[in-house]
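data07.cif (mmCIF, C-alpha atoms)
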data_final
#
loop_
_atom_site.label_atom_id
_atom_site.label_comp_id
_atom_site.auth_asym_id
_atom_site.auth_seq_id
_atom_site.Cartn_x
_atom_site.Cartn_y
_atom_site.Cartn_z
CA MET A 695 6.88 -5.97 14.93
CA SER A 696 6.02 -8.68 12.44
CA HIS A 697 7.31 -12.23 12.84
CA LEU A 698 7.47 -12.53 9.04
CA ARG A 699 10.89 -11.75 7.57
CA PRO A 700 10.38 -8.54 5.55
CA ALA A 701 12.72 -9.51 2.69
CA LEU A 702 10.52 -12.51 1.89
CA LEU A 703 7.88 -10.03 0.71
CA THR A 704 10.03 -8.88 -2.20
CA ASP A 705 8.40 -9.49 -5.57
CA HIS A 706 10.13 -11.15 -8.55
CA TYR A 707 9.73 -8.17 -10.84
CA GLU A 708 11.34 -5.84 -8.29
CA LEU A 709 14.52 -7.93 -8.34
CA THR A 710 14.42 -8.03 -12.14
CA MET A 711 14.61 -4.23 -12.11
CA VAL A 712 17.36 -4.27 -9.49
CA SER A 713 19.49 -6.63 -11.58
CA ALA A 714 19.05 -4.57 -14.73
CA ALA A 715 19.63 -1.24 -12.98
CA LEU A 716 22.83 -2.52 -11.38
CA ARG A 717 24.06 -3.70 -14.77
CA ASP A 718 23.31 -0.44 -16.62
CA GLY A 719 24.48 1.90 -13.86
CA THR A 720 21.12 3.46 -12.90
CA ALA A 721 20.65 1.66 -9.56
CA ASP A 722 21.94 4.58 -7.50
CA ARG A 723 20.09 7.39 -9.26
CA ARG A 724 18.29 9.47 -6.63
CA CYS A 725 14.59 8.68 -6.87
CA THR A 726 11.36 9.46 -5.09
CA PHE A 727 8.44 7.03 -4.87
CA GLU A 728 5.02 8.00 -3.51
CA VAL A 729 2.15 5.94 -2.13
CA PHE A 730 -1.34 7.19 -2.93
CA SER A 731 -4.79 6.05 -3.95
CA ARG A 732 -6.44 7.11 -7.19
CA ARG A 733 -9.90 6.52 -5.72
CA LEU A 734 -11.60 5.43 -2.53
CA PRO A 735 -13.56 2.18 -2.32
CA THR A 736 -17.15 2.49 -3.49
CA GLY A 737 -19.29 4.16 -0.85
CA ARG A 738 -16.37 5.49 1.21
CA ARG A 739 -15.79 9.17 1.92
CA TYR A 740 -12.35 8.92 3.52
CA GLY A 741 -9.43 6.57 4.04
CA VAL A 742 -7.43 6.05 7.24
CA VAL A 743 -3.64 5.82 7.35
CA ALA A 744 -2.67 2.75 9.37
CA GLY A 745 0.24 0.33 9.51
CA THR A 746 3.03 2.88 9.28
CA GLY A 747 4.37 1.99 12.70
CA ARG A 748 4.58 -1.67 11.70
CA LEU A 749 6.09 -0.77 8.34
CA ILE A 750 8.95 1.32 9.69
CA ASP A 751 10.01 -1.57 11.94
CA MET A 752 10.02 -3.87 8.92
CA VAL A 753 12.03 -1.45 6.76
CA ARG A 754 14.61 -1.25 9.54
CA GLU A 755 14.84 -5.06 9.62
CA PHE A 756 14.85 -5.49 5.84
CA ARG A 757 17.73 -7.87 5.13
CA PHE A 758 18.34 -10.77 2.78
CA ALA A 759 19.61 -13.83 4.64
CA PRO A 760 22.35 -15.93 2.99
CA GLU A 761 19.93 -18.77 2.21
CA GLU A 762 17.53 -16.32 0.56
CA VAL A 763 20.27 -14.86 -1.61
CA GLU A 764 21.41 -18.38 -2.53
CA PHE A 765 17.85 -19.32 -3.54
CA LEU A 766 17.47 -16.22 -5.71
CA LEU A 767 20.80 -16.86 -7.44
CA ARG A 768 20.22 -20.59 -7.88
CA THR A 769 16.78 -20.08 -9.43
CA GLY A 770 17.97 -17.36 -11.79
CA VAL A 771 15.95 -14.56 -10.25
CA VAL A 772 19.13 -12.47 -9.90
CA ASP A 773 22.62 -12.58 -11.33
CA GLU A 774 25.92 -12.50 -9.39
CA PRO A 775 26.21 -8.69 -9.09
CA ALA A 776 22.63 -8.44 -7.83
CA ALA A 777 23.20 -11.30 -5.38
CA ARG A 778 26.19 -9.49 -3.88
CA TRP A 779 24.14 -6.29 -3.67
CA LEU A 780 21.27 -8.06 -1.90
CA ALA A 781 23.63 -9.69 0.58
CA ASP A 782 24.78 -6.24 1.71
CA TYR A 783 21.37 -4.51 1.50
CA ARG A 784 20.56 -1.82 4.03
CA PHE A 785 18.04 0.93 3.38
CA THR A 786 19.91 4.25 3.62
CA GLY A 787 17.24 6.58 2.27
CA ASP A 788 14.41 8.65 3.74
CA VAL A 789 10.76 7.90 4.46
CA ASP A 790 8.21 10.63 5.09
CA GLY A 791 4.47 10.31 5.39
CA TYR A 792 1.13 11.16 6.89
CA ALA A 793 0.75 10.35 10.57
CA GLU A 794 -0.90 7.10 11.54
CA GLY A 795 -4.53 7.91 12.16
CA GLU A 796 -4.53 10.66 9.53
CA LEU A 797 -7.38 10.69 7.00
CA PHE A 798 -6.54 10.47 3.32
CA PHE A 799 -8.37 11.03 0.05
CA PRO A 800 -7.75 10.34 -3.65
CA GLY A 801 -4.38 11.85 -4.54
CA SER A 802 -3.10 12.19 -0.97
CA PRO A 803 0.67 11.35 -0.95
CA ILE A 804 0.48 9.33 2.24
CA LEU A 805 4.04 7.94 2.08
CA THR A 806 7.18 9.15 0.31
CA VAL A 807 10.26 6.93 -0.06
CA SER A 808 13.47 8.56 -1.31
CA GLY A 809 16.92 7.12 -2.04
CA GLY A 810 18.73 5.16 -4.72
CA PHE A 811 16.41 3.53 -7.25
CA ALA A 812 17.31 -0.03 -6.32
CA GLU A 813 17.09 0.40 -2.55
CA CYS A 814 13.64 2.00 -2.91
CA VAL A 815 12.08 -0.20 -5.59
CA VAL A 816 12.88 -3.37 -3.65
CA LEU A 817 10.56 -2.13 -0.88
CA GLU A 818 7.47 -1.76 -3.06
CA THR A 819 5.70 -5.02 -2.22
CA LEU A 820 6.47 -4.68 1.48
CA VAL A 821 5.12 -1.13 1.62
CA LEU A 822 1.93 -1.91 -0.28
CA SER A 823 1.31 -5.19 1.52
CA VAL A 824 1.35 -3.51 4.92
CA LEU A 825 -0.45 -0.29 4.05
CA ASN A 826 -3.13 -1.73 1.79
CA HIS A 827 -4.17 -4.19 4.48
CA ASP A 828 -3.97 -1.99 7.55
CA CYS A 829 -5.53 1.07 5.92
CA ALA A 830 -8.46 -1.04 4.67
CA VAL A 831 -9.12 -2.49 8.13
CA ALA A 832 -8.75 0.88 9.86
CA ALA A 833 -11.19 2.60 7.50
CA ALA A 834 -13.81 -0.10 8.02
CA ALA A 835 -13.25 -0.03 11.78
CA ALA A 836 -13.53 3.77 11.92
CA ARG A 837 -16.90 3.60 10.18
CA MET A 838 -18.04 1.03 12.75
CA VAL A 839 -16.87 3.26 15.60
CA THR A 840 -18.87 6.15 14.16
CA ALA A 841 -21.93 3.93 13.75
CA ALA A 842 -21.61 2.72 17.36
CA ARG A 843 -22.10 6.28 18.67
CA GLY A 844 -19.85 5.96 21.67
CA ARG A 845 -20.67 2.35 22.55
CA ALA A 846 -17.70 0.04 22.90
CA LEU A 847 -16.55 -2.42 20.23
CA ILE A 848 -14.45 -5.54 20.52
CA GLU A 849 -12.48 -6.89 17.53
CA MET A 850 -12.96 -10.65 17.31
CA GLY A 851 -12.10 -11.59 13.74
CA SER A 852 -8.89 -13.61 14.18
CA ARG A 853 -10.50 -16.81 12.87
CA ARG A 854 -11.41 -15.08 9.62
CA ALA A 855 -7.91 -13.97 8.63
CA HIS A 856 -4.36 -15.19 8.07
CA GLU A 857 -2.62 -15.60 11.42
CA GLU A 858 -0.32 -12.59 10.92
CA ALA A 859 -3.03 -10.51 9.26
CA ALA A 860 -5.23 -11.16 12.31
CA VAL A 861 -2.70 -9.48 14.60
CA ALA A 862 -2.26 -6.55 12.23
CA ALA A 863 -6.04 -6.20 11.88
CA ALA A 864 -6.45 -6.09 15.65
CA ARG A 865 -3.90 -3.28 15.82
CA ALA A 866 -5.60 -1.33 13.00
CA ALA A 867 -9.04 -1.74 14.59
CA TYR A 868 -7.75 -0.51 17.94
CA LEU A 869 -6.11 2.46 16.21
CA ALA A 870 -9.53 3.25 14.71
CA GLY A 871 -11.24 3.31 18.11
CA PHE A 872 -12.19 -0.26 19.01
CA ARG A 873 -11.95 -0.75 22.77
CA PHE A 874 -10.74 -4.36 22.91
CA THR A 875 -9.47 -7.28 20.84
CA SER A 876 -9.82 -10.99 21.48
CA ASN A 877 -6.41 -11.55 19.85
CA LEU A 878 -3.87 -12.19 22.60
CA ALA A 879 -0.85 -11.82 20.28
CA ALA A 880 -1.98 -8.27 19.53
CA GLY A 881 -2.36 -7.67 23.24
CA GLN A 882 1.19 -8.84 23.87
CA ARG A 883 2.85 -7.05 20.94
CA TYR A 884 0.98 -3.75 21.02
CA GLY A 885 -0.47 -3.45 24.51
CA ILE A 886 -4.06 -3.56 23.25
CA PRO A 887 -6.65 -4.42 25.94
CA THR A 888 -8.01 -7.93 25.42
CA ALA A 889 -11.43 -9.34 26.22
CA GLY A 890 -13.46 -12.44 25.47
CA THR A 891 -15.83 -15.01 26.84
CA ALA A 892 -16.66 -18.69 26.47
CA ALA A 893 -18.06 -19.98 23.18
CA HIS A 894 -21.02 -22.27 22.54
CA ALA A 895 -18.65 -25.23 22.76
CA PHE A 896 -18.19 -24.66 26.48
CA THR A 897 -21.93 -24.77 27.10
CA LEU A 898 -22.31 -27.87 24.92
CA LEU A 899 -19.45 -29.56 26.78
CA HIS A 900 -21.51 -29.63 29.97
CA ASP A 901 -24.64 -31.61 30.68
CA ASP A 902 -26.72 -28.46 30.89
CA GLU A 903 -26.45 -24.68 30.58
CA ARG A 904 -26.62 -24.10 34.34
CA THR A 905 -23.57 -26.28 34.97
CA ALA A 906 -21.58 -24.48 32.28
CA PHE A 907 -22.49 -21.03 33.65
CA ALA A 908 -21.70 -22.09 37.20
CA SER A 909 -18.27 -23.32 36.15
CA GLN A 910 -17.46 -20.07 34.35
CA VAL A 911 -18.62 -17.91 37.25
CA ALA A 912 -16.75 -20.07 39.76
CA THR A 913 -13.57 -19.55 37.77
CA LEU A 914 -13.91 -15.90 36.71
CA GLY A 915 -16.39 -14.43 39.15
CA ARG A 916 -19.41 -12.31 38.35
CA ASP A 917 -17.28 -9.88 36.33
CA THR A 918 -17.60 -12.10 33.27
CA THR A 919 -19.84 -12.42 30.23
CA LEU A 920 -22.13 -15.40 29.74
CA LEU A 921 -23.15 -16.50 26.25
CA VAL A 922 -26.90 -17.03 26.55
CA ASP A 923 -28.11 -18.09 23.08
CA THR A 924 -26.91 -21.69 22.82
CA TYR A 925 -30.45 -22.94 23.40
CA ASP A 926 -33.28 -20.56 24.34
CA ILE A 927 -32.20 -16.96 24.92
CA SER A 928 -34.85 -16.05 27.50
CA GLN A 929 -34.17 -19.16 29.53
CA GLY A 930 -30.44 -18.60 29.12
CA ILE A 931 -30.75 -15.13 30.63
CA ARG A 932 -32.84 -16.41 33.54
CA THR A 933 -30.33 -19.17 34.22
CA ALA A 934 -27.41 -16.72 33.99
CA ILE A 935 -28.92 -14.42 36.61
CA GLU A 936 -29.93 -17.33 38.83
CA VAL A 937 -26.34 -18.60 38.77
CA ALA A 938 -24.41 -15.31 38.90
CA GLY A 939 -26.93 -13.02 40.52
CA PRO A 940 -27.91 -9.53 39.35
CA GLN A 941 -24.27 -8.45 39.64
CA LEU A 942 -23.36 -10.39 36.47
CA ARG A 943 -21.27 -8.12 34.28
CA ALA A 944 -22.76 -8.98 30.87
CA VAL A 945 -24.58 -11.42 28.63
CA ARG A 946 -23.68 -11.97 24.98
CA ILE A 947 -26.10 -12.73 22.17
CA ASP A 948 -24.66 -14.05 18.90
CA SER A 949 -27.70 -14.88 16.77
CA GLY A 950 -31.24 -13.99 15.80
CA ASP A 951 -32.94 -10.67 15.13
CA LEU A 952 -30.65 -8.62 17.32
CA ALA A 953 -32.84 -5.52 17.42
CA VAL A 954 -35.84 -7.41 18.76
CA ILE A 955 -33.82 -9.69 21.01
CA ALA A 956 -31.87 -6.81 22.55
CA GLN A 957 -35.12 -5.09 23.56
CA GLN A 958 -36.60 -8.28 25.02
CA SER A 959 -33.36 -9.12 26.79
CA ARG A 960 -33.12 -5.69 28.41
CA GLU A 961 -36.67 -5.93 29.66
CA LEU A 962 -36.04 -9.41 31.03
CA LEU A 963 -32.79 -8.46 32.74
CA ASP A 964 -34.41 -5.43 34.35
CA SER A 965 -37.33 -7.55 35.58
CA LEU A 966 -34.83 -9.90 37.20
CA GLY A 967 -33.13 -7.02 39.00
CA ALA A 968 -30.03 -7.14 36.75
CA THR A 969 -30.35 -3.52 35.71
CA GLU A 970 -26.58 -3.06 35.47
CA THR A 971 -25.90 -6.23 33.47
CA LYS A 972 -24.70 -5.22 30.01
CA ILE A 973 -25.83 -6.64 26.68
CA ILE A 974 -23.16 -7.51 24.13
CA VAL A 975 -24.19 -8.50 20.61
CA SER A 976 -22.13 -10.16 17.89
CA GLY A 977 -22.65 -12.17 14.74
CA ASP A 978 -21.55 -10.88 11.32
CA LEU A 979 -21.84 -7.23 12.31
CA ASP A 980 -20.66 -4.52 9.94
CA GLU A 981 -21.11 -0.74 10.11
CA TYR A 982 -24.60 -0.91 8.62
CA ALA A 983 -25.80 -3.54 11.08
CA ILE A 984 -24.30 -1.56 13.95
CA ALA A 985 -26.01 1.62 12.76
CA ALA A 986 -29.33 -0.23 12.56
CA LEU A 987 -29.00 -1.09 16.26
CA ALA A 988 -28.38 2.50 17.35
CA ALA A 989 -31.76 2.84 19.05
CA GLU A 990 -31.60 -0.53 20.79
CA PRO A 991 -30.34 -1.22 24.34
CA VAL A 992 -26.99 -2.61 23.25
CA ASP A 993 -23.91 -1.82 25.34
CA MET A 994 -21.13 -3.35 23.24
CA TYR A 995 -20.68 -4.77 19.75
CA GLY A 996 -18.43 -7.63 18.72
CA ALA A 997 -17.24 -7.36 15.11
CA GLY A 998 -15.29 -10.09 13.35
CA THR A 999 -15.35 -10.95 9.66
CA ALA A 1000 -16.36 -7.50 8.44
CA VAL A 1001 -13.63 -5.59 10.24
CA VAL A 1002 -10.70 -7.89 9.39
CA THR A 1003 -11.72 -7.96 5.71
CA GLY A 1004 -12.24 -4.22 5.37
CA SER A 1005 -16.04 -4.59 5.34
CA GLY A 1006 -16.22 -5.30 1.63
CA ALA A 1007 -13.08 -3.34 0.70
CA PRO A 1008 -10.17 -5.64 1.67
CA THR A 1009 -7.58 -3.33 0.08
CA ALA A 1010 -7.14 0.42 0.17
CA SER A 1011 -6.09 0.32 -3.53
CA LEU A 1012 -2.85 2.14 -2.77
CA VAL A 1013 -0.10 2.27 -5.41
CA TYR A 1014 3.66 2.93 -5.18
CA LYS A 1015 4.82 5.08 -8.07
CA LEU A 1016 8.10 6.66 -9.14
CA VAL A 1017 7.52 10.43 -9.37
CA GLU A 1018 11.02 11.94 -9.46
CA VAL A 1019 14.49 10.99 -10.75
CA ASP A 1020 17.51 13.14 -9.89
CA GLY A 1021 15.19 16.03 -9.04
CA ARG A 1022 13.30 15.78 -12.34
CA PRO A 1023 9.56 15.00 -12.32
CA VAL A 1024 8.59 11.80 -14.13
CA VAL A 1025 5.04 10.84 -15.04
CA LYS A 1026 3.10 7.81 -16.16
CA ARG A 1027 0.61 8.67 -18.92
CA SER A 1028 -1.29 5.38 -19.23
CA GLU A 1029 -5.03 5.85 -19.71
CA ASN A 1030 -6.85 5.94 -16.34
CA LYS A 1031 -3.54 5.31 -14.56
CA GLY A 1032 -1.71 8.56 -15.09
CA THR A 1033 0.41 10.14 -12.37
CA ILE A 1034 1.50 13.65 -11.48
CA GLY A 1035 5.27 13.94 -11.38
CA GLY A 1036 7.46 15.43 -8.69
CA ARG A 1037 7.72 15.03 -4.95
CA LYS A 1038 4.58 16.37 -3.22
CA VAL A 1039 4.03 18.44 -0.09
CA ALA A 1040 0.51 18.43 1.40
CA VAL A 1041 -1.41 20.59 3.84
CA ARG A 1042 -4.92 20.22 5.27
CA ARG A 1043 -6.81 23.51 5.20
CA HIS A 1044 -9.31 24.35 7.99
CA LYS A 1045 -11.83 26.98 8.92
CA PRO A 1046 -11.11 28.96 12.11
CA THR A 1047 -13.65 26.64 13.80
CA GLY A 1048 -11.40 23.66 13.03
CA THR A 1049 -13.52 22.12 10.25
CA ALA A 1050 -11.38 20.77 7.40
CA THR A 1051 -12.24 22.28 4.03
CA GLU A 1052 -9.57 21.16 1.56
CA GLU A 1053 -6.32 19.29 1.10
CA VAL A 1054 -3.75 21.11 -1.03
CA VAL A 1055 -0.94 19.08 -2.59
CA VAL A 1056 1.92 20.86 -4.38
CA SER A 1057 4.48 19.12 -6.58
CA GLN A 1058 8.08 20.29 -6.24
CA GLY A 1059 7.15 23.17 -4.03
CA VAL A 1060 5.44 24.16 -0.81
CA PRO A 1061 1.79 25.26 -0.56
CA ASP A 1062 1.17 28.87 0.37
CA ARG A 1063 0.46 28.44 4.06
CA GLN A 1064 -2.68 29.95 5.53
CA ALA A 1065 -3.44 30.55 9.19
CA ASN A 1066 -5.27 27.29 9.84
CA ASP A 1067 -3.28 24.96 7.58
CA ARG A 1068 -1.77 21.78 9.00
CA LEU A 1069 1.28 20.18 7.36
CA LEU A 1070 0.50 16.51 6.79
CA GLN A 1071 3.89 14.88 6.20
CA HIS A 1072 6.37 13.93 8.92
CA SER A 1073 9.76 12.25 8.87
CA TYR A 1074 9.79 8.52 9.64
CA VAL A 1075 13.28 7.54 8.47
CA VAL A 1076 16.26 9.83 7.83
CA ASP A 1077 19.37 8.44 6.12
CA GLY A 1078 18.20 4.93 6.92
CA GLU A 1079 17.63 5.57 10.63
CA PRO A 1080 14.10 5.60 12.09
CA VAL A 1081 13.13 8.69 14.07
CA ASP A 1082 10.88 8.78 17.10
CA LEU A 1083 7.35 7.81 16.11
CA PRO A 1084 4.08 8.41 17.95
CA GLY A 1085 2.74 5.44 19.92
CA ILE A 1086 -0.54 3.76 19.08
CA GLU A 1087 -2.44 5.66 21.79
CA GLN A 1088 -1.34 8.99 20.33
CA SER A 1089 -2.24 7.82 16.82
CA ARG A 1090 -5.63 6.63 18.06
CA GLU A 1091 -6.35 10.07 19.50
CA HIS A 1092 -5.12 11.71 16.28
CA LEU A 1093 -7.69 9.78 14.25
CA ARG A 1094 -10.44 10.71 16.69
CA GLN A 1095 -9.59 14.38 16.26
CA CYS A 1096 -9.42 14.03 12.47
CA LEU A 1097 -12.89 12.51 12.34
CA ILE A 1098 -14.20 15.39 14.41
CA SER A 1099 -12.63 17.87 11.98
CA ILE A 1100 -14.29 16.72 8.75
CA PRO A 1101 -17.75 18.01 7.74
CA TRP A 1102 -20.52 15.85 9.22
CA GLU A 1103 -21.51 14.66 5.73
CA GLY A 1104 -18.16 12.92 5.53
CA LEU A 1105 -19.20 10.53 8.30
CA LYS A 1106 -22.28 9.25 6.50
CA LEU A 1107 -22.34 5.57 5.59
CA SER A 1108 -24.10 6.31 2.31
CA ALA A 1109 -22.17 6.78 -0.92
CA GLY A 1110 -20.99 10.28 -1.67
CA ASP A 1111 -18.07 12.48 -2.57
CA PRO A 1112 -14.89 12.41 -0.47
CA ALA A 1113 -15.30 14.29 2.81
CA ILE A 1114 -12.99 17.05 1.57
CA PRO A 1115 -11.58 17.75 -1.91
CA VAL A 1116 -7.92 17.37 -2.81
CA THR A 1117 -6.32 19.97 -5.08
CA VAL A 1118 -3.06 18.85 -6.68
CA VAL A 1119 -0.82 21.54 -8.13
CA PRO A 1120 1.59 20.03 -10.73
CA ALA A 1121 5.26 20.90 -10.90
CA GLY A 1122 6.26 23.94 -12.90
#

Could you rewrite the structure in this file as structure tokens?
Amino acid sequence: MSHLRPALLTDHYELTMVSAALRDGTADRRCTFEVFSRRLPTGRRYGVVAGTGRLIDMVREFRFAPEEVEFLLRTGVVDEPAARWLADYRFTGDVDGYAEGELFFPGSPILTVSGGFAECVVLETLVLSVLNHDCAVAAAAARMVTAARGRALIEMGSRRAHEEAAVAAARAAYLAGFRFTSNLAAGQRYGIPTAGTAAHAFTLLHDDERTAFASQVATLGRDTTLLVDTYDISQGIRTAIEVAGPQLRAVRIDSGDLAVIAQQSRELLDSLGATETKIIVSGDLDEYAIAALAAEPVDMYGAGTAVVTGSGAPTASLVYKLVEVDGRPVVKRSENKGTIGGRKVAVRRHKPTGTATEEVVVSQGVPDRQANDRLLQHSYVVDGEPVDLPGIEQSREHLRQCLISIPWEGLKLSAGDPAIPVTVVPAG
């Protein structure tokens, strides 16, 4: 649950539309908005749905406080009728969408918001703010998990993001398969396992490296990780084992040519009898750097900047578009930004072996179901009331299964077509 008041994410132009719609009598017309992406970021073959659990909490809490309404009225953003409407705002519509952890592709209707025009349009910025951020982080994190080939990852990018975004990013990374986060707020809010070790500052605080290591081991025991690259890495490893013994849990290396250093460090640790001491590497790692270390004796990766910024794609490029009014499809025909009208229903088609082959999206209808089809949309909110949602552990497992289901080409880090095609069948 976010500590940011959801209503503060409302955009000026949304309230302009609310004011006008209330005045001309169209505010309560039954409408359907859909969230989708026209294209994936360059080089990506799939997107990952993330943030829905956070979003539904925020929709439930979406209220305009008296001081917020007064500000909007005083500054001329809304008129008196709109101010009264905002003061009483409660979302009473429906929200349906793809499960958290589901994969999506261009044209996938990952979220559907239905209700009166005004009550739905006022949610646009909130919906896109949450989903564009969390989906971007989750997609980057999922690629890192694939590149790690079963080795553990820790998310440690809090210092590279806005304080609230850092917590959301930790949640999205964990959803995507990261094992730990260093962000304690995420641990408290979402039950994500936390991990971390001392930084270079702790070593520099002490008169020498040995004293710093001895202090850390005395406090935390041998089941800790010592940062060994403040000065000389080889000497740092020797000192770490001298202080903690061969039972030391792990050493962390945060700089240098990690491929070469990991090999040398493993050989040195083994020669010192520390055959079970793990090697953790960090330092501006992204999915490509992680993949390049696949053959090296690395036990865990620490990823920071790249994961919390979407590894070069900080937004999922999702849009929130009106597709239906009073049961009638409506379309936008702008060049390169056209839409397909009507509320969509989507299924993922699979071979009997479980491999996904196609996503079929039908407007104002239901796809002809085949034996191995899986319906993608689920109810999140009905008549303004949230329904039971899967927990993060269930969503994490769902994503793992989805990644197994796509053709192996879809997991490549190189540029290529989306992992599976999406066929959209227009209304009528």

Tell me which residues the PyMOL selection byres ((chain A and resi 979-984) around 6) grabs here, as a PyMOL selection string. chain A and resi 838+841+977-978+985-987+997+1000

Reference answer for the PyMOL selection byres ((chain A and resi 823-825) around 9), as a PDB file with C-alpha atoms, in the frame of the given file:
ATOM      1  CA  LEU A 703       7.880 -10.030   0.710  1.00  0.00           C
ATOM      2  CA  VAL A 743      -3.640   5.820   7.350  1.00  0.00           C
ATOM      3  CA  ALA A 744      -2.670   2.750   9.370  1.00  0.00           C
ATOM      4  CA  GLY A 745       0.240   0.330   9.510  1.00  0.00           C
ATOM      5  CA  THR A 746       3.030   2.880   9.280  1.00  0.00           C
ATOM      6  CA  ARG A 748       4.580  -1.670  11.700  1.00  0.00           C
ATOM      7  CA  LEU A 749       6.090  -0.770   8.340  1.00  0.00           C
ATOM      8  CA  GLU A 818       7.470  -1.760  -3.060  1.00  0.00           C
ATOM      9  CA  THR A 819       5.700  -5.020  -2.220  1.00  0.00           C
ATOM     10  CA  LEU A 820       6.470  -4.680   1.480  1.00  0.00           C
ATOM     11  CA  VAL A 821       5.120  -1.130   1.620  1.00  0.00           C
ATOM     12  CA  LEU A 822       1.930  -1.910  -0.280  1.00  0.00           C
ATOM     13  CA  ASN A 826      -3.130  -1.730   1.790  1.00  0.00           C
ATOM     14  CA  HIS A 827      -4.170  -4.190   4.480  1.00  0.00           C
ATOM     15  CA  ASP A 828      -3.970  -1.990   7.550  1.00  0.00           C
ATOM     16  CA  CYS A 829      -5.530   1.070   5.920  1.00  0.00           C
ATOM     17  CA  ALA A 830      -8.460  -1.040   4.670  1.00  0.00           C
ATOM     18  CA  ALA A 862      -2.260  -6.550  12.230  1.00  0.00           C
ATOM     19  CA  THR A1009      -7.580  -3.330   0.080  1.00  0.00           C
ATOM     20  CA  ALA A1010      -7.140   0.420   0.170  1.00  0.00           C
ATOM     21  CA  LEU A1012      -2.850   2.140  -2.770  1.00  0.00           C
TER      22      LEU A1012
END

10 Å contact set for A:Tyr792, all atoms listed in the file, chain neighbours under 2 positions out, as a count of residues only: 22

Let me make sure I understand: among A:Leu942, A:Val1054, A:Val772, A:Ile955, which one has the smallest atom-to-atom distance to A:Lys972 if we use only C-alpha atoms? A:Leu942

One number please: atom CA of A:Phe727 to atom CA of A:Pro800, in Å, one decimal.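 Between these atoms lies a distance of 16.6 Å.
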
Select, from A:Pro1101, A:Gly881, A:Pro1120, A:Gly930, the residue with the minimum atom-to-atom distance to A:Gly1035, counting all atoms listed in the file.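 Comparing A:Pro1101, A:Gly881, A:Pro1120, A:Gly930 against A:Gly1035, the winner is A:Pro1120.
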
So which residues touch A:Leu734 within 9 Å, counting only C-alpha atoms, skipping near sequence neighbours fewer than 5 positions away, as a ChimeraX atom specification? /A:739-741,799-800,1010-1011,1112

Could you write out the selected residues, including C-alpha atoms, as a PDB file, keeping the file's coordinate frame?
ATOM      1  CA  ARG A 739     -15.790   9.170   1.920  1.00  0.00           C
ATOM      2  CA  TYR A 740     -12.350   8.920   3.520  1.00  0.00           C
ATOM      3  CA  GLY A 741      -9.430   6.570   4.040  1.00  0.00           C
ATOM      4  CA  PHE A 799      -8.370  11.030   0.050  1.00  0.00           C
ATOM      5  CA  PRO A 800      -7.750  10.340  -3.650  1.00  0.00           C
ATOM      6  CA  ALA A1010      -7.140   0.420   0.170  1.00  0.00           C
ATOM      7  CA  SER A1011      -6.090   0.320  -3.530  1.00  0.00           C
ATOM      8  CA  PRO A1112     -14.890  12.410  -0.470  1.00  0.00           C
TER       9      PRO A1112
END

Nearest-residue call for A:Val1025, choices A:Arg1043, A:Ile750, A:Glu728, A:Val1002, using all atoms listed in the file: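 For A:Val1025, the nearest of the candidates is A:Glu728.
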
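Excluding A:Arg1042 itself and any same-chain residue fewer than 3 positions from it, the protein and nucleic acid residues within 9 Å of it, counting only C-alpha atoms, are Ala1050, Thr1051, Glu1052, Glu1053, Val1054, Val1055, Asn1066, Asp1067, Arg1068, Leu1069 and Leu1070 of chain A.
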
Can you list, as JSON, numbers by chain, the residues that the PyMOL selection byres ((chain A and resi 975) around 7) selects here? {"A": [946, 947, 948, 973, 974, 976, 994, 995, 996]}

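Within the 10 Å cut-off around A:Gly844, using all atoms listed in the file and omitting residues fewer than 4 positions from it on the same chain, the listed residues are Val839, Thr840, Gly871, Asp993 and Met994 of chain A.
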
Please list as a list in words every residue within 6 Å of A:Thr1049, counting only C-alpha atoms and excluding residues in the same chain fewer than 5 positions away. His1044, Ser1099 and Ile1100 of chain A

Produce a table with one row for each residue of stretch 1038-1077 of chain A that has an atom at most 12 Å from any atom of stretch 778-785 of chain A, each row naming the nearest atom pair and its distance in Å at one decimal; use all atoms listed in the file; arrange rows by chain and rising residue number; format as JSON lines.
{"residue": "A:Val1075", "atom": "CA", "partner": "A:Phe785", "partner_atom": "CA", "distance": 9.6}
{"residue": "A:Val1076", "atom": "CA", "partner": "A:Phe785", "partner_atom": "CA", "distance": 10.1}
{"residue": "A:Asp1077", "atom": "CA", "partner": "A:Phe785", "partner_atom": "CA", "distance": 8.1}

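Distances to A:Tyr868 were evaluated for A:Val789, A:Ile848, A:Ala842, A:Ala715 using only C-alpha atoms, and the minimum falls at A:Ile848.
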
Atom pair atom CA of A:Ala867 + atom CA of A:Ala832, distance 5.4 Å

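Proximity of A:Leu817, A:Leu920, A:Ala846, A:Val954 to A:Arg757, computed with only C-alpha atoms, is greatest for A:Leu817.
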
Given all atoms listed in the file as the counted atoms, nearest of A:Val911, A:Thr1117, A:Arg1090, A:Ser852 to A:Ala880: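 Ranked by minimum distance to A:Ala880, first place goes to A:Ser852.
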
Each side padded by 5 Å, which centre and which edge lengths in Å (one decimal) define the axis-aligned box around the listed atoms of stretch 711-725 of chain A? Give them as lines of an AutoDock Vina configuration file.
center_x = 19.5
center_y = 1.4
center_z = -11.6
size_x = 19.9
size_y = 26.1
size_z = 20.0

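Near (17.5, -6.0, -14.3), the residues that fall inside 12 Å on the basis of all atoms listed in the file are His706, Tyr707, Glu708, Leu709, Thr710, Met711, Val712, Ser713, Ala714, Ala715, Leu716, Arg717, Asp718, Gly719, Thr720, Ala721, Gly770, Val771, Val772, Asp773, Glu774, Pro775, Ala776, Ala777, Phe811, Ala812, Val815 and Val816 of chain A.
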